[in-house]
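Undergrad: Below: one structure in structure tokens.
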Amino acid sequence: MLVPVSWLKDYVDIDNIPIEELEEKLILSGSNTEGVQKVIEDAKKIVIGKIVEIKKHPNADKLVIPMVDIGEEVIQIVTGAENINVGDYVPVALVGSRLPGGIKIKRGKLRGEVSNGMLCSAEELGFGDSVIPKDMKDGILILNGEYTLGEGIEEALGLNDHVIEFEITPNRPDCLSMLGMARETSATFDLATKYPEINIKEEVEDINDYISAEVEDKDLCRRFVGRVVKDIKIEPSPTWLQLRLMKAGVRPISNIVDITNFVMLEYGQPLHAYDLNTLTGGKIIARRAKKDEVTTTLDGAERKLDEEVLVIADAKDTIGIAGIMGGEDTEISDNTKTIFIEAAHFNKKNIRTSSRKIGLRTEASARFEKGIDPNVAEAAADRACQLIEELGAGKVVKGKIDIYDDKLEGWSIEVRPERINSLLGTKLSSEEISDILRRLELSVEKKEEKLLVGIPTYRQDLLKEIDIVEEVARIYGYNVIEATLPKGATWGAKTNAQVIEDYTKGALNSLGLNEITTYSFVSPKSLDLINTPEDSFLRRNIKLLNPLGEEYSIMRTTLVPNMLDVLARNYKRNVSEALAFELGNTFIPREIPVTSLPIEKKVLTLGMYGEDIDFFSIKAIVWELLNKLGIEKCVMEPEKNHSLFHPGRCGNIVYGNHILGTIGEVHPDILENYGFSNRVYVADIDFNILLQITRIDTIYKPLPKYPSTSRDMALIVKEEIYSKEIEDIINNNGGDILETCTLFDVYRGKQISEGNKSMAYSLTFRAKDRTLTDEEVNKVFDKMLEELSQKLSAELR
């Protein structure tokens, strides 16, 4: 919301408040700003001039020589502008002047003729292309009205003004107006708000002789106000009106359109003006569109509508999309003689839905969809009529249409002063609280130990006692509220799950992995890229009703595509090695179609590639993480049927009867889909199960009193035998004295027959209550060899 300070001064007496103080205090009271900009920067010696004569340039067909009266003298200027005429008031940059941006004007000659300055366009004065009137876009800024010749342009046109850009939050649609920001300014500085005095001096004839109105769908149109103005004169607006709109970011069009935009900015109530002579049947109707109805809007585009879109129609056709944009057929034109001004209140949810459905968002729809006060419609329509009368642009017809069956009344909220002080840590009296609330134009009535606060209908964000607490806090001043400790048992702490999550992330960071965070919205094609089978539960996903696009149209059921996307992006940018992890939610629907909230399953996904990284690298990281989480007795079992992984380089992490996840090398076909030419390794772990079995508290174990003894065991086994099978037999026969079993060598070579391999293990034995003898160890060792020979045909090498 762009707010010119000079416009704000019409409603609040802030002449003596410096712009820096104004911005700072408005921010502190809750009106956050995006910045302050002066309308015209670094300009000097730019004055008002009047063209008294225009001569042809003797040496150039496209140049003219206007003689410009600047008060003290008449100067000659050479220009190529085509929109100037004798009698026009124009901004003149004199010799030695400086334009915004630092451009200096010097005396010069153009095709042999002396030019003693320059006529300025709106763009050269610092206005953006989007707000310059179309008829002045490629020409000089023509000033409507009479001015003092030679007066500085900044003073004459108010260009020494500042514009504050406010960031308006969705819950404060009342602040999308000059009067709304005036009320905020008044409350902040404890000043009175001066509202426009609406007085239409002369009204003629009767509106009922011109038009009637009907609202068919009152659930979508709560109030409909209309006024008629005759003898319309379409012409450019006076300069003061054009400049106010331009400062506020709106392009001037013509006097009638500019007035409706001015009132929208002033009151926050969008207006629309129809050419009354183009309406059929002398009637205007607010109704739902018919199925597949088509209308052409002011931007010239055909819009296909359905029964959920509210339209404004005459007795025959649709003439506009309610609250969004009017129709092309009823547009105000130079031939317009009678207009109908509409000021209505439309259902905000319907406007939002309709705007998205037809792909059209306007200044009007942006206000309606946030919710506006229906009680301001009449005042806005009258204000527009007043301005039309003041500018001599038409005669106001007596009477008005006002369909308002379900009137919105103000409401009250009971507040407790002691509750306010308790929450804020203040010691405000009831009188001080009442004074603050009255500054906000809220009525206050004392009711025993409570205050009954009356809420005006434009403050639709004030519904509960806590809302009033916030109002008191921001106007009293967050910066002056002393820091105090909250009372009661309000100390927060992280849950056990959050502690484990933080610990997990820290552990993975310490192991050299970087955390990534990706979108929960993904493309359906992501599941195709990882070769997900058609019947996989991962394809039971939740589709978004209003996606940002195809790339973000479903909720993710796995983090693997996101991980591969990140790794592929790094790989394509020549990052030689990448190790990453993501701990995030996947979303599993309970049923299809979706009728309830999905199951949010926490998943930990690791991904890595690099010259020195292989399957055992990622396995070692996972095992070290499990060790840090206090999870013991996990084993790796081969997995050959997982579509994501290489069938010979993949395994499941098994804890008891639970599969914690899967580790493996990504399938070559999938690597090709992502553009990899090297190997990539991924681990996909169910974090919900990890949370149940993690034990990160430290348990003290005394150091052993008795010495250990070790044996090495080198076995020749068939190639297809897994280490786990051997380790299971060793551990099952180790009894109470086997402390560790570690594989330290795998050998294939000349001394080993083809189809076999040698696997060497280091075994450590220890007893808790005695020193072991060789006989005890040999007995257990021999039993292990016997079992290995019987079950796996293993031979001692």
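Ligands are numbered from 1 in the order shown, residues from 1 within each chain, and chains are lettered A, B, ... in the order they appear in the structure tokens.
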Name all residues at most 9 Å from A:Glu409 (count only C-alpha atoms; drop same-chain ones fewer than 5 positions away) and give them as a list of chain:residue names.

TA: A:Asn375, A:Pro456, A:Thr457

Undergrad: Run DSSP on the backbone of this structure and report the residues of stretch 48-220 of chain A it assigns to strand (DSSP E or B), as a ChimeraX atom specification.

TA: /A:48-56,64-69,74-76,79,89-98,104,108-110,113-115,117-119,143,152,162-166,203-204,212-215

Undergrad: When you look at A:Asn627 with a cut-off of 12 Å (counting only C-alpha atoms), what residues show up, excluding the ones that are within fewer than 4 positions of it in the same chain? I need them as number ranges by chain.

TA: A: 504, 507-508, 620-623, 631-634, 690, 693-696, 698

Undergrad: I'd like the neighbourhood of stretch 571-585 of chain A as a PyMOL selection string, where a residue qualifies if any of its atoms comes within 8 Å (using only C-alpha atoms), though same-chain residues fewer than 4 positions away should be ignored.

TA: chain A and resi 508+512-517+520+559+563+567+600-611+675-676

Undergrad: I need the residues from that last selection saved to file as an mmCIF file, in the first residue's frame (with C-alpha atoms), if you can.

TA:
```cif
data_model
loop_
_atom_site.group_PDB
_atom_site.id
_atom_site.type_symbol
_atom_site.label_atom_id
_atom_site.label_comp_id
_atom_site.auth_asym_id
_atom_site.auth_seq_id
_atom_site.Cartn_x
_atom_site.Cartn_y
_atom_site.Cartn_z
ATOM 1 C CA LEU A 508 25.354 -36.621 10.698
ATOM 2 C CA GLY A 512 30.626 -34.927 7.129
ATOM 3 C CA LEU A 513 27.082 -34.719 5.748
ATOM 4 C CA ASN A 514 25.243 -31.489 4.903
ATOM 5 C CA GLU A 515 21.574 -31.075 5.767
ATOM 6 C CA ILE A 516 19.195 -30.167 2.941
ATOM 7 C CA THR A 517 15.552 -29.089 3.033
ATOM 8 C CA SER A 520 6.885 -31.277 0.374
ATOM 9 C CA LEU A 559 12.303 -38.170 -0.031
ATOM 10 C CA MET A 563 17.630 -36.102 -2.642
ATOM 11 C CA LEU A 567 22.767 -34.439 -5.805
ATOM 12 C CA GLU A 600 2.767 -37.868 8.325
ATOM 13 C CA LYS A 601 5.666 -40.289 8.411
ATOM 14 C CA LYS A 602 9.105 -39.015 9.387
ATOM 15 C CA VAL A 603 11.851 -40.298 7.086
ATOM 16 C CA LEU A 604 15.648 -39.921 7.131
ATOM 17 C CA THR A 605 17.286 -40.059 3.697
ATOM 18 C CA LEU A 606 21.044 -39.990 3.063
ATOM 19 C CA GLY A 607 22.635 -39.542 -0.344
ATOM 20 C CA MET A 608 26.227 -39.292 -1.542
ATOM 21 C CA TYR A 609 28.616 -39.660 -4.454
ATOM 22 C CA GLY A 610 32.342 -39.113 -4.980
ATOM 23 C CA GLU A 611 35.534 -40.776 -6.137
ATOM 24 C CA GLY A 675 22.177 -37.481 -15.687
ATOM 25 C CA PHE A 676 24.794 -39.202 -13.492
#
```

Undergrad: Would you mind telling me which residue in A:Ile413, A:Leu243, A:Val522, A:Ile253 lies nearest to A:Ala122 when using only C-alpha atoms?

TA: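 Ranked by minimum distance to A:Ala122, first place goes to A:Leu243.
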
Undergrad: Take atom CA of A:Ile70 and atom CA of A:Ile142 and report the distance between them in Å, one decimal.

TA: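 Atom-to-atom, atom CA of A:Ile70 to atom CA of A:Ile142, that is 15.0 Å.
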
Undergrad: What is the distance, in Å and to one decimal place, between atom CA of A:Ala683 and atom CA of A:Tyr519?

TA: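 Distance between the two atoms: 19.2 Å.
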
Undergrad: Excluding same-chain residues fewer than 5 positions from A:Val746, what lies within 8 Å of it counting only C-alpha atoms, as a PyMOL selection string?

TA: chain A and resi 757-760

Undergrad: Keeping only N, CA, C and O atoms, take the residues you just selected and write them out as a PDB file, in the first residue's frame.

TA:
```pdb
ATOM      1  N   LYS A 757      36.049 -68.243  -1.549  1.00  0.00           N
ATOM      2  CA  LYS A 757      36.744 -67.061  -1.036  1.00  0.00           C
ATOM      3  C   LYS A 757      37.197 -67.349   0.385  1.00  0.00           C
ATOM      4  O   LYS A 757      36.674 -68.244   1.054  1.00  0.00           O
ATOM      5  N   SER A 758      38.166 -66.581   0.817  1.00  0.00           N
ATOM      6  CA  SER A 758      38.662 -66.702   2.186  1.00  0.00           C
ATOM      7  C   SER A 758      38.179 -65.506   2.985  1.00  0.00           C
ATOM      8  O   SER A 758      38.315 -64.364   2.556  1.00  0.00           O
ATOM      9  N   MET A 759      37.572 -65.791   4.155  1.00  0.00           N
ATOM     10  CA  MET A 759      37.094 -64.734   5.038  1.00  0.00           C
ATOM     11  C   MET A 759      37.724 -64.908   6.402  1.00  0.00           C
ATOM     12  O   MET A 759      37.571 -65.961   7.032  1.00  0.00           O
ATOM     13  N   ALA A 760      38.437 -63.874   6.862  1.00  0.00           N
ATOM     14  CA  ALA A 760      39.188 -63.970   8.113  1.00  0.00           C
ATOM     15  C   ALA A 760      38.541 -63.096   9.184  1.00  0.00           C
ATOM     16  O   ALA A 760      38.201 -61.940   8.933  1.00  0.00           O
TER      17      ALA A 760
END
```

Undergrad: For A:Val311, which residue among A:Thr185, A:Thr532, A:Thr338, A:Thr295 is the nearest when counting only C-alpha atoms?

TA: A:Thr295

Undergrad: Nearest to A:Val654: which of A:Lys640, A:Lys218, A:Lys724, A:Arg590 is it, counting only C-alpha atoms?

TA: A:Lys724

Undergrad: Give me the residues near A:Leu149 as JSON, numbers by chain, where near means some atom within 9 Å (using only C-alpha atoms) and where sequence neighbours in that chain fewer than 6 positions away do not count.

TA: {"A": [47, 48, 49, 50, 69, 70, 71, 72, 89]}

Undergrad: For the residues selected in the previous step, produce a file with N, CA and C atoms as a compact mmCIF listing (two decimals), in the first residue's frame.

TA:
```
# COMPACT_ATOMS: atom_id res chain seq x y z
N VAL A 47 10.87 24.56 -13.00
CA VAL A 47 9.81 25.51 -12.67
C VAL A 47 8.59 25.31 -13.56
N ILE A 48 7.52 26.02 -13.20
CA ILE A 48 6.30 26.01 -14.00
C ILE A 48 6.43 27.04 -15.14
N GLY A 49 6.11 26.58 -16.35
CA GLY A 49 6.12 27.49 -17.49
C GLY A 49 4.83 27.38 -18.28
N LYS A 50 4.57 28.40 -19.11
CA LYS A 50 3.38 28.39 -19.96
C LYS A 50 3.80 28.65 -21.40
N ASP A 69 6.84 31.06 -21.25
CA ASP A 69 6.84 32.12 -20.23
C ASP A 69 7.09 31.49 -18.87
N ILE A 70 8.20 31.86 -18.22
CA ILE A 70 8.53 31.32 -16.91
C ILE A 70 8.42 32.38 -15.82
N GLY A 71 7.59 33.44 -16.10
CA GLY A 71 7.35 34.48 -15.10
C GLY A 71 8.20 35.69 -15.32
N GLU A 72 9.51 35.57 -15.17
CA GLU A 72 10.41 36.72 -15.31
C GLU A 72 10.79 36.98 -16.76
N TYR A 89 0.33 24.58 -19.51
CA TYR A 89 1.28 24.73 -18.42
C TYR A 89 2.14 23.47 -18.38
```

Undergrad: Find the residues around A:Ala384 up to 7 Å (only C-alpha atoms counted), leave out those fewer than 3 positions away in its own chain, and share them as a PyMOL selection string.

TA: chain A and resi 259-260+263+380-381+387-388

Undergrad: Export, as a tab-separated table (two decimals), in the first residue's frame, the selected residues with N, CA, C and O atoms.

TA:
```
chain	number	residue	atom	x	y	z
A	259	ILE	N	-11.78	9.14	-10.54
A	259	ILE	CA	-12.55	9.37	-9.30
A	259	ILE	C	-12.86	8.04	-8.62
A	259	ILE	O	-12.74	7.92	-7.38
A	260	THR	N	-13.28	7.04	-9.39
A	260	THR	CA	-13.57	5.74	-8.76
A	260	THR	C	-12.31	5.14	-8.14
A	260	THR	O	-12.38	4.55	-7.06
A	263	VAL	N	-11.51	7.09	-4.86
A	263	VAL	CA	-12.37	6.70	-3.74
A	263	VAL	C	-11.98	5.31	-3.24
A	263	VAL	O	-12.01	5.04	-2.02
A	380	ALA	N	-18.88	5.60	0.15
A	380	ALA	CA	-17.97	5.61	-0.99
A	380	ALA	C	-18.69	6.05	-2.25
A	380	ALA	O	-18.16	6.85	-3.05
A	381	ALA	N	-19.91	5.55	-2.47
A	381	ALA	CA	-20.69	5.96	-3.65
A	381	ALA	C	-21.00	7.46	-3.60
A	381	ALA	O	-20.89	8.17	-4.61
A	387	LEU	N	-17.29	14.20	-5.76
A	387	LEU	CA	-16.12	14.60	-6.54
A	387	LEU	C	-16.50	14.88	-8.00
A	387	LEU	O	-15.96	15.81	-8.62
A	388	ILE	N	-17.42	14.10	-8.55
A	388	ILE	CA	-17.89	14.35	-9.92
A	388	ILE	C	-18.53	15.74	-10.00
A	388	ILE	O	-18.28	16.51	-10.93
```

Undergrad: Write down as a PDB file with C-alpha atoms, in the first residue's frame the residues belonging to stretch 530-673 of chain A that are assigned alpha helix (DSSP H) by DSSP computed on the backbone.

TA:
```pdb
ATOM      1  CA  VAL A 560      14.519 -40.038  -2.508  1.00  0.00           C
ATOM      2  CA  PRO A 561      13.599 -38.044  -5.671  1.00  0.00           C
ATOM      3  CA  ASN A 562      14.242 -34.786  -3.787  1.00  0.00           C
ATOM      4  CA  MET A 563      17.630 -36.102  -2.642  1.00  0.00           C
ATOM      5  CA  LEU A 564      18.601 -37.213  -6.157  1.00  0.00           C
ATOM      6  CA  ASP A 565      17.512 -33.829  -7.533  1.00  0.00           C
ATOM      7  CA  VAL A 566      19.879 -32.057  -5.124  1.00  0.00           C
ATOM      8  CA  LEU A 567      22.767 -34.439  -5.805  1.00  0.00           C
ATOM      9  CA  ALA A 568      22.220 -34.186  -9.589  1.00  0.00           C
ATOM     10  CA  ARG A 569      22.200 -30.363  -9.409  1.00  0.00           C
ATOM     11  CA  ASN A 570      25.570 -30.443  -7.621  1.00  0.00           C
ATOM     12  CA  TYR A 571      26.962 -33.060 -10.008  1.00  0.00           C
ATOM     13  CA  LYS A 572      25.996 -30.998 -13.075  1.00  0.00           C
ATOM     14  CA  PHE A 615      28.669 -48.882  -0.600  1.00  0.00           C
ATOM     15  CA  PHE A 616      30.731 -49.421   2.543  1.00  0.00           C
ATOM     16  CA  SER A 617      31.128 -45.646   3.002  1.00  0.00           C
ATOM     17  CA  ILE A 618      27.421 -45.065   3.381  1.00  0.00           C
ATOM     18  CA  LYS A 619      27.006 -48.273   5.406  1.00  0.00           C
ATOM     19  CA  ALA A 620      29.721 -47.127   7.813  1.00  0.00           C
ATOM     20  CA  ILE A 621      27.998 -43.755   8.257  1.00  0.00           C
ATOM     21  CA  VAL A 622      24.638 -45.390   8.950  1.00  0.00           C
ATOM     22  CA  TRP A 623      26.175 -47.849  11.430  1.00  0.00           C
ATOM     23  CA  GLU A 624      28.035 -45.051  13.196  1.00  0.00           C
ATOM     24  CA  LEU A 625      24.769 -43.096  13.468  1.00  0.00           C
ATOM     25  CA  LEU A 626      22.982 -46.127  14.919  1.00  0.00           C
ATOM     26  CA  ASN A 627      25.818 -46.533  17.402  1.00  0.00           C
ATOM     27  CA  LYS A 628      25.530 -42.848  18.446  1.00  0.00           C
ATOM     28  CA  PRO A 668      21.959 -47.560 -13.252  1.00  0.00           C
ATOM     29  CA  ASP A 669      18.681 -46.826 -15.092  1.00  0.00           C
ATOM     30  CA  ILE A 670      17.736 -44.269 -12.438  1.00  0.00           C
ATOM     31  CA  LEU A 671      21.201 -42.700 -12.547  1.00  0.00           C
ATOM     32  CA  GLU A 672      20.716 -42.228 -16.282  1.00  0.00           C
ATOM     33  CA  ASN A 673      17.362 -40.491 -15.645  1.00  0.00           C
TER      34      ASN A 673
END
```

Undergrad: Compare A:Arg227, A:Lys247, A:Arg748, A:Lys9 by their minimum atom-to-atom distance to A:Ile284, counting only C-alpha atoms, and give me the closest one.

TA: A:Arg227

Undergrad: Rank nothing, just name the residue among A:Glu795, A:Asp782, A:Glu501, A:Asp435 nearest to A:Val717, using only C-alpha atoms.

TA: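 Checking each of A:Glu795, A:Asp782, A:Glu501, A:Asp435 against A:Val717, counting only C-alpha atoms, the winner is A:Glu795.
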